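The file input-v4.csv comes next; it holds CSV, C-alpha atoms.
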```csv
chain,number,residue,atom,x,y,z
T,1,MET,CA,-38.0,22.9,-29.3
T,2,LEU,CA,-36.6,19.4,-29.7
T,3,ARG,CA,-34.9,19.8,-26.3
T,4,LEU,CA,-38.2,20.8,-24.6
T,5,ALA,CA,-39.9,17.8,-26.2
T,6,SER,CA,-37.2,15.5,-25.0
T,7,LEU,CA,-37.4,17.0,-21.5
T,8,ALA,CA,-41.2,16.5,-21.4
T,9,ALA,CA,-40.8,12.9,-22.6
T,10,ALA,CA,-38.1,12.1,-20.0
T,11,LEU,CA,-40.3,13.6,-17.2
T,12,TYR,CA,-43.4,11.7,-18.4
T,13,ALA,CA,-41.4,8.4,-18.6
T,14,PHE,CA,-40.1,9.1,-15.1
T,15,TRP,CA,-43.7,9.6,-13.8
T,16,ILE,CA,-44.9,6.4,-15.3
T,17,LEU,CA,-42.0,4.3,-14.0
T,18,MET,CA,-42.3,5.8,-10.5
T,19,SER,CA,-46.1,5.3,-10.2
T,20,GLY,CA,-46.5,2.0,-12.0
T,21,TYR,CA,-50.3,2.6,-12.3
T,22,LEU,CA,-51.8,2.8,-15.8
T,23,GLU,CA,-55.2,4.3,-15.0
T,24,PRO,CA,-56.5,7.1,-17.3
T,25,PHE,CA,-56.7,9.7,-14.6
T,26,LEU,CA,-53.1,9.1,-13.3
T,27,LEU,CA,-51.7,9.0,-16.9
T,28,GLY,CA,-53.5,12.3,-17.6
T,29,ALA,CA,-52.2,13.9,-14.4
T,30,GLY,CA,-48.7,12.8,-15.2
T,31,LEU,CA,-48.8,14.3,-18.7
T,32,ALA,CA,-50.2,17.6,-17.2
T,33,CYS,CA,-47.4,17.6,-14.6
T,34,ALA,CA,-44.7,16.8,-17.2
T,35,LEU,CA,-45.9,19.6,-19.4
T,36,ALA,CA,-46.2,22.1,-16.5
T,37,VAL,CA,-42.7,21.3,-15.3
T,38,THR,CA,-41.3,21.7,-18.9
T,39,TRP,CA,-43.1,25.1,-19.2
T,40,LEU,CA,-41.6,26.2,-15.8
T,41,ALA,CA,-38.1,25.0,-16.9
T,42,ARG,CA,-38.5,27.1,-20.1
T,43,ARG,CA,-39.6,30.1,-18.0
T,44,MET,CA,-36.6,29.7,-15.7
T,45,GLU,CA,-34.4,29.3,-18.7
T,46,ILE,CA,-32.8,26.1,-17.4
T,47,ALA,CA,-33.9,23.9,-20.3
T,48,ASP,CA,-30.7,24.8,-22.1
T,49,PRO,CA,-27.8,22.4,-23.2
T,50,GLU,CA,-26.4,22.8,-19.7
T,51,GLY,CA,-29.5,22.0,-17.7
T,52,HIS,CA,-30.8,19.2,-19.9
T,53,PRO,CA,-27.8,17.8,-21.8
T,54,ALA,CA,-29.8,15.3,-23.9
T,55,HIS,CA,-27.2,15.4,-26.7
T,56,LEU,CA,-24.7,13.7,-24.4
T,57,THR,CA,-26.9,10.6,-23.7
T,58,PRO,CA,-25.1,8.3,-26.2
T,59,ALA,CA,-21.7,9.5,-25.1
T,60,ALA,CA,-22.6,8.8,-21.4
T,61,PHE,CA,-23.1,5.1,-22.1
T,62,GLY,CA,-19.5,5.0,-23.4
T,63,TYR,CA,-18.1,6.9,-20.4
T,64,TRP,CA,-20.0,5.5,-17.4
T,65,PRO,CA,-18.9,1.9,-17.6
T,66,TRP,CA,-15.3,2.9,-17.7
T,67,LEU,CA,-15.9,5.2,-14.7
T,68,VAL,CA,-17.6,2.4,-12.8
T,69,LEU,CA,-14.5,0.1,-13.3
T,70,GLU,CA,-12.2,3.0,-12.2
T,71,ILE,CA,-14.3,3.5,-9.1
T,72,LEU,CA,-14.1,-0.2,-8.2
T,73,ARG,CA,-10.4,-0.3,-8.7
T,74,SER,CA,-9.6,2.7,-6.6
T,75,GLY,CA,-12.2,1.7,-4.0
T,76,LEU,CA,-10.3,-1.5,-3.5
T,77,ALA,CA,-7.0,0.5,-3.2
T,78,VAL,CA,-8.6,2.7,-0.5
T,79,CYS,CA,-10.0,-0.3,1.4
T,80,ARG,CA,-6.5,-1.8,1.4
T,81,ILE,CA,-5.1,1.4,2.9
T,82,ILE,CA,-7.9,1.4,5.6
T,83,VAL,CA,-7.2,-2.2,6.7
T,84,ASP,CA,-3.4,-1.7,6.7
T,85,PRO,CA,-2.4,-1.4,10.4
T,86,ARG,CA,0.3,1.2,9.5
T,87,LEU,CA,-2.3,3.4,7.7
T,88,PRO,CA,0.0,4.4,4.8
T,89,VAL,CA,-1.6,7.7,3.9
T,90,SER,CA,0.3,10.7,2.5
T,91,PRO,CA,-2.3,13.4,1.8
T,92,THR,CA,-1.4,15.7,-1.1
T,93,LEU,CA,-2.9,18.7,-2.8
T,94,VAL,CA,-2.3,19.2,-6.5
T,95,ARG,CA,-3.4,22.0,-8.8
T,96,PHE,CA,-3.8,21.5,-12.5
T,97,ARG,CA,-5.5,22.8,-15.6
T,98,PRO,CA,-8.4,20.6,-16.9
T,99,SER,CA,-8.7,20.4,-20.7
T,100,GLN,CA,-12.5,20.6,-20.9
T,101,LYS,CA,-14.2,23.6,-22.5
T,102,THR,CA,-17.9,23.3,-21.6
T,103,ALA,CA,-19.4,23.6,-18.1
T,104,VAL,CA,-21.0,20.2,-18.4
T,105,GLY,CA,-17.6,18.7,-19.2
T,106,LEU,CA,-15.9,20.5,-16.3
T,107,ALA,CA,-18.6,19.4,-13.9
T,108,THR,CA,-18.4,15.8,-15.2
T,109,HIS,CA,-14.6,15.8,-14.7
T,110,ALA,CA,-14.7,17.3,-11.2
T,111,ASN,CA,-17.5,14.9,-10.1
T,112,SER,CA,-15.7,11.9,-11.6
T,113,ILE,CA,-12.6,12.8,-9.6
T,114,THR,CA,-14.7,13.1,-6.4
T,115,LEU,CA,-16.6,9.9,-7.1
T,116,THR,CA,-13.4,8.0,-7.4
T,117,PRO,CA,-12.4,7.1,-3.8
T,118,GLY,CA,-8.9,8.4,-2.9
T,119,THR,CA,-9.3,11.7,-4.8
T,120,LEU,CA,-11.4,14.7,-4.1
T,121,THR,CA,-12.0,17.9,-6.0
T,122,VAL,CA,-11.7,20.8,-3.4
T,123,ALA,CA,-12.0,23.6,-5.9
T,124,ALA,CA,-13.2,23.5,-9.5
T,125,ASP,CA,-12.6,26.4,-11.9
T,126,HIS,CA,-12.6,27.0,-15.6
T,127,ASP,CA,-8.8,27.0,-15.7
T,128,GLU,CA,-7.8,25.3,-12.4
T,129,PHE,CA,-8.8,22.2,-10.4
T,130,LEU,CA,-7.5,21.8,-6.8
T,131,VAL,CA,-7.5,18.1,-6.0
T,132,HIS,CA,-6.8,16.4,-2.6
T,133,GLY,CA,-5.5,12.9,-2.8
T,134,LEU,CA,-5.3,10.3,-0.1
T,135,THR,CA,-1.8,9.3,-1.2
T,136,ARG,CA,0.9,11.1,-3.2
T,137,GLU,CA,0.4,8.7,-6.1
T,138,THR,CA,-3.4,9.0,-6.4
T,139,ALA,CA,-3.2,12.8,-6.3
T,140,ARG,CA,-0.5,13.0,-9.0
T,141,ALA,CA,-2.4,10.5,-11.1
T,142,THR,CA,-5.3,13.0,-11.7
T,143,VAL,CA,-3.0,15.4,-13.6
T,144,ALA,CA,-3.4,15.0,-17.4
T,145,SER,CA,-5.1,11.7,-16.7
T,146,GLU,CA,-6.9,9.1,-18.8
T,147,MET,CA,-10.1,10.5,-17.2
T,148,ASP,CA,-9.3,14.0,-18.5
T,149,ARG,CA,-9.0,12.7,-22.1
T,150,ARG,CA,-12.1,10.5,-21.8
T,151,VAL,CA,-14.2,13.4,-20.4
T,152,ARG,CA,-12.8,15.6,-23.2
T,153,ARG,CA,-14.1,13.0,-25.7
T,154,PHE,CA,-17.4,12.7,-23.8
T,155,GLU,CA,-18.2,16.4,-24.1
T,156,GLY,CA,-17.6,16.2,-27.8
T,157,GLY,CA,-14.0,17.5,-28.1
T,158,ASP,CA,-11.4,16.0,-30.3
S,1,MET,CA,-28.8,-13.0,3.4
S,2,PHE,CA,-30.8,-9.7,3.6
S,3,VAL,CA,-30.4,-10.0,7.4
S,4,ALA,CA,-26.6,-10.1,7.0
S,5,ALA,CA,-26.7,-7.0,4.7
S,6,THR,CA,-28.9,-5.2,7.2
S,7,LEU,CA,-26.5,-6.1,10.1
S,8,ALA,CA,-23.5,-4.8,8.0
S,9,LEU,CA,-25.4,-1.5,7.3
S,10,LEU,CA,-26.3,-1.2,11.0
S,11,ALA,CA,-22.7,-1.7,12.0
S,12,THR,CA,-21.7,1.0,9.5
S,13,LEU,CA,-24.3,3.3,11.0
S,14,ALA,CA,-23.0,2.7,14.5
S,15,LEU,CA,-19.4,3.4,13.5
S,16,THR,CA,-20.4,6.5,11.7
S,17,LEU,CA,-22.4,7.7,14.7
S,18,VAL,CA,-19.2,7.3,16.8
S,19,ARG,CA,-17.5,9.7,14.4
S,20,ALA,CA,-20.4,12.1,14.6
S,21,LEU,CA,-20.2,12.2,18.4
S,22,LYS,CA,-16.4,12.5,18.5
S,23,GLY,CA,-16.2,15.3,16.0
S,24,PRO,CA,-13.8,17.1,16.5
S,25,THR,CA,-14.9,19.8,13.9
S,26,VAL,CA,-18.4,20.6,12.8
S,27,PHE,CA,-17.4,19.4,9.3
S,28,ASP,CA,-16.6,16.0,10.6
S,29,ARG,CA,-20.1,15.9,12.0
S,30,ALA,CA,-21.6,17.1,8.8
S,31,LEU,CA,-19.7,14.4,6.9
S,32,ALA,CA,-20.9,11.7,9.3
S,33,ALA,CA,-24.4,13.0,9.0
S,34,ASN,CA,-24.2,12.8,5.1
S,35,THR,CA,-22.9,9.2,5.4
S,36,VAL,CA,-25.7,8.3,7.8
S,37,GLY,CA,-28.1,9.6,5.2
S,38,THR,CA,-26.6,7.4,2.4
S,39,VAL,CA,-26.6,4.3,4.7
S,40,ALA,CA,-30.2,5.1,5.6
S,41,VAL,CA,-31.2,5.1,2.0
S,42,LEU,CA,-29.4,1.7,1.5
S,43,LEU,CA,-31.0,0.3,4.7
S,44,LEU,CA,-34.5,1.3,3.4
S,45,ALA,CA,-33.7,-0.4,0.1
S,46,VAL,CA,-32.7,-3.6,1.8
S,47,MET,CA,-35.7,-3.4,4.2
S,48,GLU,CA,-37.9,-3.5,1.1
S,49,PHE,CA,-36.6,-7.0,0.3
S,50,LEU,CA,-36.4,-8.1,4.0
S,51,THR,CA,-40.1,-7.3,4.7
S,52,GLY,CA,-41.4,-7.6,1.1
S,53,ARG,CA,-43.1,-4.2,1.2
S,54,PRO,CA,-42.4,-2.2,-2.0
S,55,ASP,CA,-43.3,1.1,-0.4
S,56,PHE,CA,-40.0,1.3,1.3
S,57,LEU,CA,-38.3,2.1,-2.1
S,58,ASP,CA,-40.3,5.3,-2.5
S,59,LEU,CA,-39.3,6.3,1.0
S,60,ALA,CA,-35.6,5.7,0.1
S,61,ILE,CA,-35.9,8.0,-3.0
S,62,VAL,CA,-37.4,10.8,-0.9
S,63,TYR,CA,-34.9,10.3,1.8
S,64,GLY,CA,-32.1,10.5,-0.7
S,65,LEU,CA,-33.4,13.8,-2.0
S,66,LEU,CA,-33.8,15.3,1.5
S,67,ASN,CA,-30.4,14.1,2.5
S,68,VAL,CA,-28.5,16.2,-0.1
S,69,VAL,CA,-30.7,19.3,0.5
S,70,GLY,CA,-30.1,18.9,4.3
S,71,THR,CA,-26.3,18.6,3.9
S,72,ILE,CA,-26.1,21.6,1.7
S,73,ALA,CA,-28.3,23.7,4.0
S,74,VAL,CA,-26.3,22.8,7.1
S,75,LEU,CA,-23.0,23.7,5.2
S,76,LYS,CA,-24.5,27.0,4.0
S,77,PHE,CA,-25.5,27.8,7.5
S,78,PHE,CA,-22.1,27.1,9.0
S,79,ARG,CA,-20.4,29.0,6.2
S,80,TYR,CA,-22.5,32.2,6.1
S,81,GLY,CA,-24.5,31.9,9.4
S,82,ASP,CA,-27.7,32.5,7.3
S,83,LEU,CA,-29.7,30.3,5.0
S,84,GLY,CA,-31.1,33.4,3.1
S,85,GLU,CA,-27.6,34.4,1.9
S,86,PRO,CA,-27.5,34.3,-1.9
S,87,GLY,CA,-24.1,32.6,-1.8
S,88,GLU,CA,-21.2,33.5,-4.1
S,89,GLY,CA,-21.5,35.1,-7.5
S,90,PRO,CA,-20.0,33.6,-10.6
S,91,GLU,CA,-16.8,35.7,-10.2
S,92,ASP,CA,-15.4,34.1,-7.1
S,93,ARG,CA,-16.6,30.6,-7.8
E,1,MET,CA,-29.4,-21.9,-4.9
E,2,SER,CA,-29.8,-20.5,-8.4
E,3,PRO,CA,-26.8,-18.7,-10.1
E,4,ALA,CA,-28.7,-15.3,-9.9
E,5,ASP,CA,-29.1,-15.8,-6.2
E,6,ALA,CA,-25.4,-16.6,-5.8
E,7,ILE,CA,-24.4,-13.5,-7.8
E,8,SER,CA,-26.7,-11.2,-5.8
E,9,TRP,CA,-25.5,-12.6,-2.5
E,10,ALA,CA,-21.9,-12.1,-3.4
E,11,LEU,CA,-22.6,-8.5,-4.5
E,12,LEU,CA,-24.5,-7.9,-1.2
E,13,ALA,CA,-21.7,-9.4,0.9
E,14,ALA,CA,-19.1,-7.3,-1.0
E,15,GLY,CA,-21.2,-4.2,-0.6
E,16,GLY,CA,-21.7,-4.8,3.1
E,17,VAL,CA,-18.0,-5.4,3.7
E,18,SER,CA,-17.0,-2.2,1.8
E,19,CYS,CA,-19.6,-0.2,3.8
E,20,VAL,CA,-18.2,-1.4,7.1
E,21,LEU,CA,-14.6,-0.8,5.9
E,22,GLY,CA,-15.5,2.7,4.8
E,23,ALA,CA,-16.9,3.4,8.3
E,24,VAL,CA,-13.8,1.9,9.9
E,25,GLY,CA,-11.8,4.3,7.8
E,26,LEU,CA,-14.0,7.2,8.9
E,27,LEU,CA,-12.9,6.4,12.4
E,28,ARG,CA,-9.2,5.6,11.7
E,29,MET,CA,-8.2,8.4,9.3
E,30,PRO,CA,-6.1,11.2,10.9
E,31,ASP,CA,-7.8,14.4,9.6
E,32,PHE,CA,-11.0,15.7,8.0
E,33,PHE,CA,-10.0,15.5,4.4
E,34,THR,CA,-8.6,12.0,4.6
E,35,ARG,CA,-11.9,11.0,6.3
E,36,MET,CA,-13.8,12.2,3.3
E,37,HIS,CA,-12.0,9.6,1.2
E,38,ALA,CA,-13.1,6.9,3.5
E,39,ALA,CA,-16.7,8.2,3.4
E,40,SER,CA,-16.6,8.2,-0.4
E,41,VAL,CA,-16.0,4.4,-0.3
E,42,VAL,CA,-19.4,4.0,1.5
E,43,ASP,CA,-21.1,6.4,-0.9
E,44,THR,CA,-19.8,4.9,-4.2
E,45,VAL,CA,-18.5,1.3,-3.9
E,46,GLY,CA,-20.7,0.2,-0.9
E,47,ALA,CA,-23.9,1.8,-2.2
E,48,GLY,CA,-23.3,0.6,-5.8
E,49,LEU,CA,-22.6,-3.0,-4.9
E,50,ILE,CA,-25.6,-3.3,-2.5
E,51,LEU,CA,-28.0,-1.7,-5.1
E,52,LEU,CA,-26.6,-3.9,-7.8
E,53,GLY,CA,-27.1,-7.0,-5.6
E,54,LEU,CA,-30.7,-6.0,-4.9
E,55,MET,CA,-31.3,-5.4,-8.7
E,56,VAL,CA,-30.1,-8.9,-9.5
E,57,GLN,CA,-32.5,-10.1,-6.8
E,58,ALA,CA,-35.5,-8.1,-8.2
E,59,GLY,CA,-35.0,-9.0,-11.9
E,60,LEU,CA,-36.6,-7.0,-14.6
E,61,THR,CA,-39.4,-5.2,-12.7
E,62,LEU,CA,-40.4,-1.7,-11.6
E,63,VAL,CA,-38.5,-2.3,-8.4
E,64,THR,CA,-35.2,-2.5,-10.4
E,65,VAL,CA,-36.1,0.8,-12.1
E,66,LYS,CA,-36.6,2.4,-8.7
E,67,LEU,CA,-33.2,1.0,-7.5
E,68,VAL,CA,-31.6,2.4,-10.6
E,69,VAL,CA,-33.1,5.8,-9.8
E,70,ILE,CA,-31.8,5.6,-6.2
E,71,GLY,CA,-28.4,4.7,-7.6
E,72,LEU,CA,-28.3,7.6,-10.0
E,73,LEU,CA,-29.5,9.9,-7.3
E,74,ILE,CA,-26.6,8.8,-5.0
E,75,PHE,CA,-24.1,9.0,-7.8
E,76,PHE,CA,-25.1,12.5,-8.9
E,77,THR,CA,-25.6,14.0,-5.4
E,78,SER,CA,-22.8,12.5,-3.3
E,79,PRO,CA,-19.9,14.2,-5.2
E,80,THR,CA,-21.8,17.5,-5.0
E,81,ALA,CA,-22.2,17.2,-1.3
E,82,SER,CA,-18.6,16.1,-0.8
E,83,HIS,CA,-17.4,19.0,-2.9
E,84,ALA,CA,-19.5,21.4,-0.9
E,85,LEU,CA,-18.2,20.0,2.4
E,86,ALA,CA,-14.5,20.2,1.3
E,87,ARG,CA,-15.0,23.8,0.0
E,88,ALA,CA,-16.8,24.9,3.1
E,89,ALA,CA,-14.1,23.4,5.3
E,90,LEU,CA,-11.4,25.0,3.4
E,91,ALA,CA,-13.2,28.4,3.3
E,92,ARG,CA,-13.6,28.2,7.1
E,93,GLY,CA,-9.8,27.8,7.4
E,94,LEU,CA,-9.6,24.1,8.1
E,95,GLU,CA,-6.1,23.3,6.8
E,96,PRO,CA,-5.6,19.8,5.4
E,97,LYS,CA,-2.6,17.9,6.9
E,98,LEU,CA,-0.2,17.3,4.1
E,99,ALA,CA,2.5,14.6,3.8
E,100,ASP,CA,4.9,16.9,2.1
E,101,GLY,CA,4.0,19.9,4.2
E,102,GLY,CA,3.1,23.4,3.0
E,103,ALA,CA,1.8,24.4,-0.4
E,104,PRO,CA,0.1,22.3,-3.1
E,105,SER,CA,2.5,20.9,-5.6
E,106,LYS,CA,2.4,22.4,-9.0
E,107,PRO,CA,3.1,19.9,-11.8
```
As structure tokens, please, write out the structure in this file.
Amino acid sequence: MLRLASLAAALYAFWILMSGYLEPFLLGAGLACALAVTWLARRMEIADPEGHPAHLTPAAFGYWPWLVLEILRSGLAVCRIIVDPRLPVSPTLVRFRPSQKTAVGLATHANSITLTPGTLTVAADHDEFLVHGLTRETARATVASEMDRRVRRFEGGD
Amino acid sequence: MFVAATLALLATLALTLVRALKGPTVFDRALAANTVGTVAVLLLAVMEFLTGRPDFLDLAIVYGLLNVVGTIAVLKFFRYGDLGEPGEGPEDR
Amino acid sequence: MSPADAISWALLAAGGVSCVLGAVGLLRMPDFFTRMHAASVVDTVGAGLILLGLMVQAGLTLVTVKLVVIGLLIFFTSPTASHALARAALARGLEPKLADGGAPSKP
């Protein structure tokens, strides 16, 4: 119930921020739409901890800044490879076992690997990730990484 | 300065289009099309400041949403040859 | 030129340069999977820096909120699209060129 209320509140806030008009009719229409979408989400059974992971909001603000820095750092490394006239790539595939337990945690880990330039999740499973790296080093660095530990903490593990 | 950013994005667009034309596989073209979509969203956002018309941002949001749906639809078509295919079940995911 | 303007211009310039570099990589890289890495520079670093530069330019207004929404949209959808691309390519039998040849290394 609390999750449904949070979903409706998030949808309504999104409506107001997107429209920017504060007329009574538009505010009422927005409320009606937010409630209707919440009802539909409940009927489709997607308003669960996986579809609307509101409980992870505080943890996200701890994880995202680190992820942004990581993206900038590896983005710079990939740019350096691109401008290098010798083009020093050594594409490598690695398989490894992620330590996350929940679907949200696994998806976050896989997406973080893909977001970071230089590494790309080709296949993501409960017990195995297949990662393609631009160089041998970037590929190997995804195995049992700092990211793995941080996502584990992010999803609420110890 | 916004003109410089616009020119940089247009150069990106041109280079990406070369990749889309050269291929060689259909996936290279799909990748180029996806990048063109991202650059178009950025271009719309910069155009908002260049022309001072705030409506462009709403267009950028809609374009971003359509871009991902379009990419997935194209990929699904080339993988199964049919958009109505239910896709894979949880067991072979 | 105010300091905010200087910051925003630096961010826009850096974003523009990384977009162009990503596109150059898209042309230079030898095979499909390595090209995806170049494209992800445009999707993450280029897009992030340009949107950040525009946010600094806009200040605390609804425009910034919309730019944040665009940024979140790109950050959540681009890895999904990349992942779908890589999986579809692999499923259709497009083999990645590997430096060490053959099978994926098992740590």
Quiz item: Quick one, how far is CA of Arg35 (chain E) from CA of Ser145 (chain T)?
Solution: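 Spanning CA of Arg35 (chain E) to CA of Ser145 (chain T) is a straight-line distance of 24.0 Å.
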Practice problem: Counting only C-alpha atoms, collect the residues of chain S whose closest atom lies at most 7 Å from chain E, and write them out as a ChimeraX atom specification. | Solution: /S:1,5,8-9,11-12,15-16,19,27-28,35,38,42,57,61,68,71-72,75,79
Can you tell me, as a PDB file with C-alpha atoms, in the frame of the given file, what residues are no more than 12 Å from region 85-95 of chain T when counting only C-alpha atoms, ignoring any on the same chain fewer than 6 positions away?
```pdb
ATOM      1  CA  ALA T  77      -7.000   0.500  -3.200  1.00  0.00           C
ATOM      2  CA  VAL T  78      -8.600   2.700  -0.500  1.00  0.00           C
ATOM      3  CA  CYS T  79     -10.000  -0.300   1.400  1.00  0.00           C
ATOM      4  CA  GLY T 118      -8.900   8.400  -2.900  1.00  0.00           C
ATOM      5  CA  THR T 119      -9.300  11.700  -4.800  1.00  0.00           C
ATOM      6  CA  LEU T 120     -11.400  14.700  -4.100  1.00  0.00           C
ATOM      7  CA  THR T 121     -12.000  17.900  -6.000  1.00  0.00           C
ATOM      8  CA  VAL T 122     -11.700  20.800  -3.400  1.00  0.00           C
ATOM      9  CA  ALA T 123     -12.000  23.600  -5.900  1.00  0.00           C
ATOM     10  CA  ALA T 124     -13.200  23.500  -9.500  1.00  0.00           C
ATOM     11  CA  ASP T 125     -12.600  26.400 -11.900  1.00  0.00           C
ATOM     12  CA  ASP T 127      -8.800  27.000 -15.700  1.00  0.00           C
ATOM     13  CA  GLU T 128      -7.800  25.300 -12.400  1.00  0.00           C
ATOM     14  CA  PHE T 129      -8.800  22.200 -10.400  1.00  0.00           C
ATOM     15  CA  LEU T 130      -7.500  21.800  -6.800  1.00  0.00           C
ATOM     16  CA  VAL T 131      -7.500  18.100  -6.000  1.00  0.00           C
ATOM     17  CA  HIS T 132      -6.800  16.400  -2.600  1.00  0.00           C
ATOM     18  CA  GLY T 133      -5.500  12.900  -2.800  1.00  0.00           C
ATOM     19  CA  LEU T 134      -5.300  10.300  -0.100  1.00  0.00           C
ATOM     20  CA  THR T 135      -1.800   9.300  -1.200  1.00  0.00           C
ATOM     21  CA  ARG T 136       0.900  11.100  -3.200  1.00  0.00           C
ATOM     22  CA  GLU T 137       0.400   8.700  -6.100  1.00  0.00           C
ATOM     23  CA  THR T 138      -3.400   9.000  -6.400  1.00  0.00           C
ATOM     24  CA  ALA T 139      -3.200  12.800  -6.300  1.00  0.00           C
ATOM     25  CA  ARG T 140      -0.500  13.000  -9.000  1.00  0.00           C
ATOM     26  CA  ALA T 141      -2.400  10.500 -11.100  1.00  0.00           C
ATOM     27  CA  THR T 142      -5.300  13.000 -11.700  1.00  0.00           C
ATOM     28  CA  VAL T 143      -3.000  15.400 -13.600  1.00  0.00           C
ATOM     29  CA  ALA T 144      -3.400  15.000 -17.400  1.00  0.00           C
TER      30      ALA T 144
ATOM     31  CA  VAL E  24     -13.800   1.900   9.900  1.00  0.00           C
ATOM     32  CA  GLY E  25     -11.800   4.300   7.800  1.00  0.00           C
ATOM     33  CA  LEU E  27     -12.900   6.400  12.400  1.00  0.00           C
ATOM     34  CA  ARG E  28      -9.200   5.600  11.700  1.00  0.00           C
ATOM     35  CA  MET E  29      -8.200   8.400   9.300  1.00  0.00           C
ATOM     36  CA  PRO E  30      -6.100  11.200  10.900  1.00  0.00           C
ATOM     37  CA  ASP E  31      -7.800  14.400   9.600  1.00  0.00           C
ATOM     38  CA  PHE E  32     -11.000  15.700   8.000  1.00  0.00           C
ATOM     39  CA  PHE E  33     -10.000  15.500   4.400  1.00  0.00           C
ATOM     40  CA  THR E  34      -8.600  12.000   4.600  1.00  0.00           C
ATOM     41  CA  ARG E  35     -11.900  11.000   6.300  1.00  0.00           C
ATOM     42  CA  MET E  36     -13.800  12.200   3.300  1.00  0.00           C
ATOM     43  CA  HIS E  37     -12.000   9.600   1.200  1.00  0.00           C
ATOM     44  CA  ALA E  38     -13.100   6.900   3.500  1.00  0.00           C
ATOM     45  CA  GLU E  95      -6.100  23.300   6.800  1.00  0.00           C
ATOM     46  CA  PRO E  96      -5.600  19.800   5.400  1.00  0.00           C
ATOM     47  CA  LYS E  97      -2.600  17.900   6.900  1.00  0.00           C
ATOM     48  CA  LEU E  98      -0.200  17.300   4.100  1.00  0.00           C
ATOM     49  CA  ALA E  99       2.500  14.600   3.800  1.00  0.00           C
ATOM     50  CA  ASP E 100       4.900  16.900   2.100  1.00  0.00           C
ATOM     51  CA  GLY E 101       4.000  19.900   4.200  1.00  0.00           C
ATOM     52  CA  GLY E 102       3.100  23.400   3.000  1.00  0.00           C
ATOM     53  CA  ALA E 103       1.800  24.400  -0.400  1.00  0.00           C
ATOM     54  CA  PRO E 104       0.100  22.300  -3.100  1.00  0.00           C
ATOM     55  CA  SER E 105       2.500  20.900  -5.600  1.00  0.00           C
ATOM     56  CA  LYS E 106       2.400  22.400  -9.000  1.00  0.00           C
ATOM     57  CA  PRO E 107       3.100  19.900 -11.800  1.00  0.00           C
TER      58      PRO E 107
END
```
Quiz item: Could you work out how far CA of Gly20 (chain T) lies from CA of Gly37 (chain S), giving the answer in Å with one decimal?
Solution: 26.3 Å
Quiz item: From the list T:Leu17, T:Leu22, T:Ala41, T:Met147, which residue is nearest chain E when using all atoms listed in the file?
Solution: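 Smallest separation from chain E among the options: T:Leu17.
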